[in-house]
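A.B. asks: Supplied structure: target.cif, mmCIF, C-alpha atoms and all ligand atoms.
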data_start
#
loop_
_atom_site.label_atom_id
_atom_site.label_comp_id
_atom_site.auth_asym_id
_atom_site.auth_seq_id
_atom_site.Cartn_x
_atom_site.Cartn_y
_atom_site.Cartn_z
CA MET A 1 75.11 94.53 112.68
CA PRO A 2 73.77 91.35 114.32
CA GLY A 3 70.83 91.43 116.75
CA LYS A 4 71.44 92.08 120.43
CA SER A 5 71.18 88.48 121.68
CA ALA A 6 73.20 87.07 118.75
CA LEU A 7 75.86 89.68 119.48
CA ALA A 8 75.95 88.78 123.20
CA ALA A 9 76.43 85.11 122.28
CA ARG A 10 79.37 86.00 120.07
CA PHE A 11 81.02 88.10 122.80
CA LYS A 12 80.57 85.15 125.15
CA ARG A 13 82.51 82.78 122.85
CA ILE A 14 85.59 84.99 122.43
CA GLN A 15 88.94 83.42 123.44
CA PHE A 16 91.39 85.55 121.50
CA LEU A 17 91.60 89.32 121.04
CA VAL A 18 93.63 90.77 118.15
CA CYS A 19 94.21 94.55 117.98
CA ASP A 20 95.37 96.63 115.07
CA VAL A 21 97.87 99.20 116.39
CA ASP A 22 97.72 102.64 114.71
CA GLY A 23 94.27 104.16 115.24
CA VAL A 24 93.22 101.44 117.71
CA LEU A 25 95.90 101.32 120.40
CA THR A 26 96.74 104.92 119.44
CA ASP A 27 94.74 107.82 118.03
CA GLY A 28 96.47 107.19 114.69
CA GLY A 29 99.08 109.91 115.20
CA ILE A 30 102.65 108.97 114.32
CA TRP A 31 105.22 111.35 115.80
CA LEU A 32 108.37 111.71 113.72
CA ASP A 33 111.32 113.99 114.53
CA ASN A 34 113.99 115.36 112.16
CA LEU A 35 116.16 112.31 112.77
CA GLY A 36 113.35 109.95 111.83
CA HIS A 37 112.76 108.81 115.39
CA GLU A 38 109.21 107.66 115.89
CA ALA A 39 106.96 107.95 118.94
CA LYS A 40 103.43 106.79 119.69
CA VAL A 41 101.06 107.61 122.55
CA PHE A 42 99.27 104.67 124.20
CA SER A 43 96.50 104.58 126.78
CA ALA A 44 97.44 103.33 130.24
CA GLN A 45 93.81 102.23 130.69
CA ASP A 46 94.10 100.02 127.61
CA GLY A 47 97.33 98.62 129.05
CA LEU A 48 95.63 97.65 132.29
CA GLY A 49 92.72 96.27 130.28
CA LEU A 50 95.10 93.93 128.44
CA SER A 51 96.30 92.66 131.84
CA LEU A 52 92.68 92.11 132.88
CA ALA A 53 92.11 90.16 129.65
CA ARG A 54 94.87 87.79 130.70
CA TYR A 55 93.32 87.39 134.16
CA GLY A 56 90.11 86.50 132.35
CA GLY A 57 91.83 83.77 130.34
CA LEU A 58 91.83 85.59 126.99
CA GLN A 59 94.83 85.46 124.69
CA THR A 60 95.89 88.75 123.10
CA ALA A 61 97.84 89.88 120.03
CA PHE A 62 98.85 93.03 118.13
CA LEU A 63 98.71 93.04 114.32
CA SER A 64 100.21 95.97 112.41
CA ALA A 65 100.84 96.75 108.75
CA ARG A 66 103.69 99.02 109.82
CA GLU A 67 106.78 97.99 111.73
CA SER A 68 108.13 99.63 114.87
CA LYS A 69 110.17 98.61 117.90
CA ILE A 70 107.72 100.62 120.00
CA VAL A 71 104.99 98.08 119.30
CA THR A 72 107.13 95.16 120.47
CA GLN A 73 108.00 97.10 123.62
CA ARG A 74 104.37 97.98 124.32
CA ALA A 75 103.30 94.36 123.81
CA GLN A 76 105.90 93.23 126.35
CA GLU A 77 104.77 95.85 128.87
CA CYS A 78 101.15 94.75 128.55
CA GLY A 79 101.83 91.00 128.58
CA VAL A 80 100.53 90.63 125.02
CA GLN A 81 101.72 87.20 123.88
CA LEU A 82 101.74 87.51 120.09
CA VAL A 83 102.87 90.37 117.83
CA MET A 84 102.85 90.46 114.04
CA GLN A 85 104.17 93.54 112.23
CA GLY A 86 104.97 94.70 108.71
CA LYS A 87 102.00 92.74 107.32
CA LYS A 88 100.30 94.63 104.50
CA GLN A 89 98.06 91.61 103.84
CA LYS A 90 96.30 91.46 107.16
CA GLY A 91 93.87 88.63 106.31
CA PRO A 92 96.53 85.89 106.01
CA ALA A 93 98.47 87.41 108.93
CA PHE A 94 95.35 87.18 111.10
CA HIS A 95 94.90 83.54 110.07
CA GLU A 96 98.52 82.84 111.04
CA LEU A 97 98.03 84.50 114.45
CA CYS A 98 95.01 82.28 115.12
CA LEU A 99 97.10 79.21 114.24
CA GLN A 100 99.82 80.39 116.64
CA ALA A 101 97.24 80.96 119.39
CA LYS A 102 95.66 77.56 118.59
CA VAL A 103 92.16 79.00 118.36
CA SER A 104 89.71 79.22 115.48
CA GLU A 105 88.99 82.52 113.76
CA SER A 106 85.34 82.18 114.86
CA VAL A 107 86.26 82.71 118.54
CA THR A 108 88.55 85.63 117.75
CA LEU A 109 87.65 89.30 118.10
CA TYR A 110 89.45 91.80 115.90
CA LEU A 111 89.61 95.55 116.54
CA GLY A 112 90.34 97.80 113.58
CA ASP A 113 89.93 101.33 112.25
CA ASP A 114 90.89 101.52 108.56
CA LEU A 115 90.49 99.90 105.14
CA MET A 116 93.40 97.45 105.60
CA ASP A 117 91.40 95.87 108.42
CA LEU A 118 88.44 94.92 106.22
CA PRO A 119 89.88 91.56 105.02
CA VAL A 120 90.24 90.60 108.70
CA PHE A 121 86.65 91.64 109.42
CA GLU A 122 85.51 88.97 106.93
CA ARG A 123 87.34 86.27 108.90
CA ALA A 124 86.95 87.29 112.56
CA GLY A 125 84.21 85.85 114.79
CA LEU A 126 83.58 89.41 115.97
CA ALA A 127 84.62 92.43 113.91
CA VAL A 128 84.84 95.56 116.06
CA ALA A 129 85.43 99.10 114.80
CA VAL A 130 86.68 101.83 117.12
CA ALA A 131 84.71 105.10 117.36
CA ASN A 132 87.26 106.90 115.15
CA ALA A 133 87.21 104.23 112.40
CA VAL A 134 86.53 105.30 108.81
CA PRO A 135 82.87 104.94 107.70
CA GLU A 136 83.50 101.84 105.53
CA VAL A 137 84.99 100.01 108.52
CA LYS A 138 82.20 101.06 110.89
CA GLN A 139 79.67 99.85 108.37
CA ALA A 140 81.32 96.43 108.03
CA ALA A 141 81.66 95.99 111.82
CA ASP A 142 79.54 93.81 114.11
CA TYR A 143 80.07 96.34 116.88
CA VAL A 144 81.42 99.91 117.23
CA THR A 145 83.06 101.03 120.48
CA ARG A 146 82.02 104.25 122.25
CA ALA A 147 85.65 105.13 122.96
CA ALA A 148 88.11 106.11 120.26
CA GLY A 149 91.45 104.46 119.52
CA GLY A 150 94.14 105.45 122.01
CA GLN A 151 91.41 106.63 124.39
CA GLY A 152 90.18 103.43 126.00
CA ALA A 153 88.56 101.54 123.09
CA VAL A 154 90.58 98.40 123.86
CA ARG A 155 89.73 98.61 127.56
CA GLU A 156 86.06 99.07 126.71
CA ILE A 157 85.95 95.97 124.51
CA ILE A 158 87.81 93.81 127.04
CA GLU A 159 85.31 94.78 129.74
CA ARG A 160 82.47 94.01 127.30
CA VAL A 161 83.88 90.51 126.59
CA LEU A 162 84.55 89.67 130.24
CA ARG A 163 81.10 90.91 131.30
CA ALA A 164 79.48 88.78 128.57
CA GLN A 165 81.42 85.80 129.92
CA GLY A 166 80.35 86.56 133.49
CA SER A 167 83.95 86.87 134.68
CA TRP A 168 84.35 90.65 135.05
CA GLY A 169 83.69 90.73 138.81
CA LYS A 170 86.01 87.80 139.49
CA VAL A 171 88.76 89.28 137.32
CA LEU A 172 88.57 92.63 139.13
CA GLY A 173 88.64 90.87 142.51
CA GLN A 174 91.75 88.88 141.55
CA PHE A 175 93.48 91.92 140.12
CA LEU A 176 92.80 94.09 143.18
CA LYS A 177 93.88 91.32 145.52
CA ASN A 178 97.20 90.91 143.67
CA HIS A 179 97.80 94.66 143.73
CA ALA A 180 96.70 95.33 147.31
CA ALA A 181 99.27 97.09 149.47
CA LYS A 182 101.36 94.54 151.35
CA ASN A 183 102.93 95.54 154.66
MG MG A 201 94.90 101.19 111.98
#
Would you encode the structure as structure tokens?
C.D. replies:
Amino acid sequence: MPGKSALAARFKRIQFLVCDVDGVLTDGGIWLDNLGHEAKVFSAQDGLGLSLARYGGLQTAFLSARESKIVTQRAQECGVQLVMQGKKQKGPAFHELCLQAKVSESVTLYLGDDLMDLPVFERAGLAVAVANAVPEVKQAADYVTRAAGGQGAVREIIERVLRAQGSWGKVLGQFLKNHAAKN
């Protein structure tokens, strides 16, 4: 892991946040019923965090090796601009997302939890493992969140980025103002 001040500088530069889905936006559980219908559980706090990221001027994306309509729906709900699914080769997919977002990989933060995320860790400006990530991924990460996937890890990292950029207070103020009760 980089030193504390080097790490802070890298958080400060971030313009684009890319999240793996299973194990990062969820706890990794995939609910399947007898008819093959799938369900996932997301964190409402992460959802609000993704809105705050937008207020703070960050672009956001989901990147998944699996494919599910649920992920598209969740991205829409959270105002996440870019979604890439069914990508077993996550390194090139990550590169493509950065091209679409028109930002360099060096100002992009990637959140992952499992081995398929390691090729992205080599490219991302900041490689972040969630608390429930496998040991190999934690070891390769620049930073490990306190919260686990599906339990606020995404929210935690968004707050960390916005605080590093000095915009957390302003973002909260704007958000609360826009959501204040209007008579
Ligand atoms: Mg995963």
A.B. asks: Suppose you want the space between atom CA of Val161 of chain A and atom CA of Phe11 of chain A; what is it in Å?
C.D. replies: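 Atom-to-atom, atom CA of Val161 of chain A and atom CA of Phe11 of chain A are spaced 5.3 Å apart.
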A.B. asks: Pick from A:Asp113, A:Leu58, A:Phe16, A:Val120: nearest to Ala153 of chain A, with all atoms listed in the file counted?
C.D. replies: A:Asp113
A.B. asks: Give the residue list for ligand MG 201 (chain A) at 10 Å, counting only C-alpha atoms and all ligand atoms, as a list in words, sorted by chain and then by residue number.
C.D. replies: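 Counting only what the definition allows, namely only C-alpha atoms and all ligand atoms, the set is Cys19, Asp20, Val21, Asp22, Gly23, Val24, Leu25, Thr26, Asp27, Gly28, Leu63, Ser64, Ala65, Arg66, Leu111, Gly112, Asp113, Asp114, Leu115, Met116, Asp117, Val130, Ala133, Val134 and Gly149 of chain A.
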A.B. asks: Which residue, A:Met1, A:Ala180, A:Val137, A:Leu52, has the smallest gap to Glu156 of chain A when you use only C-alpha atoms?
C.D. replies: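 The closest residue to Glu156 of chain A is A:Leu52.
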A.B. asks: Point out the residue among A:Val171, A:Ala164, A:Ala148, A:Leu97 with the least atom-to-atom distance to Lys4 of chain A, counting all atoms listed in the file.
C.D. replies: A:Ala164
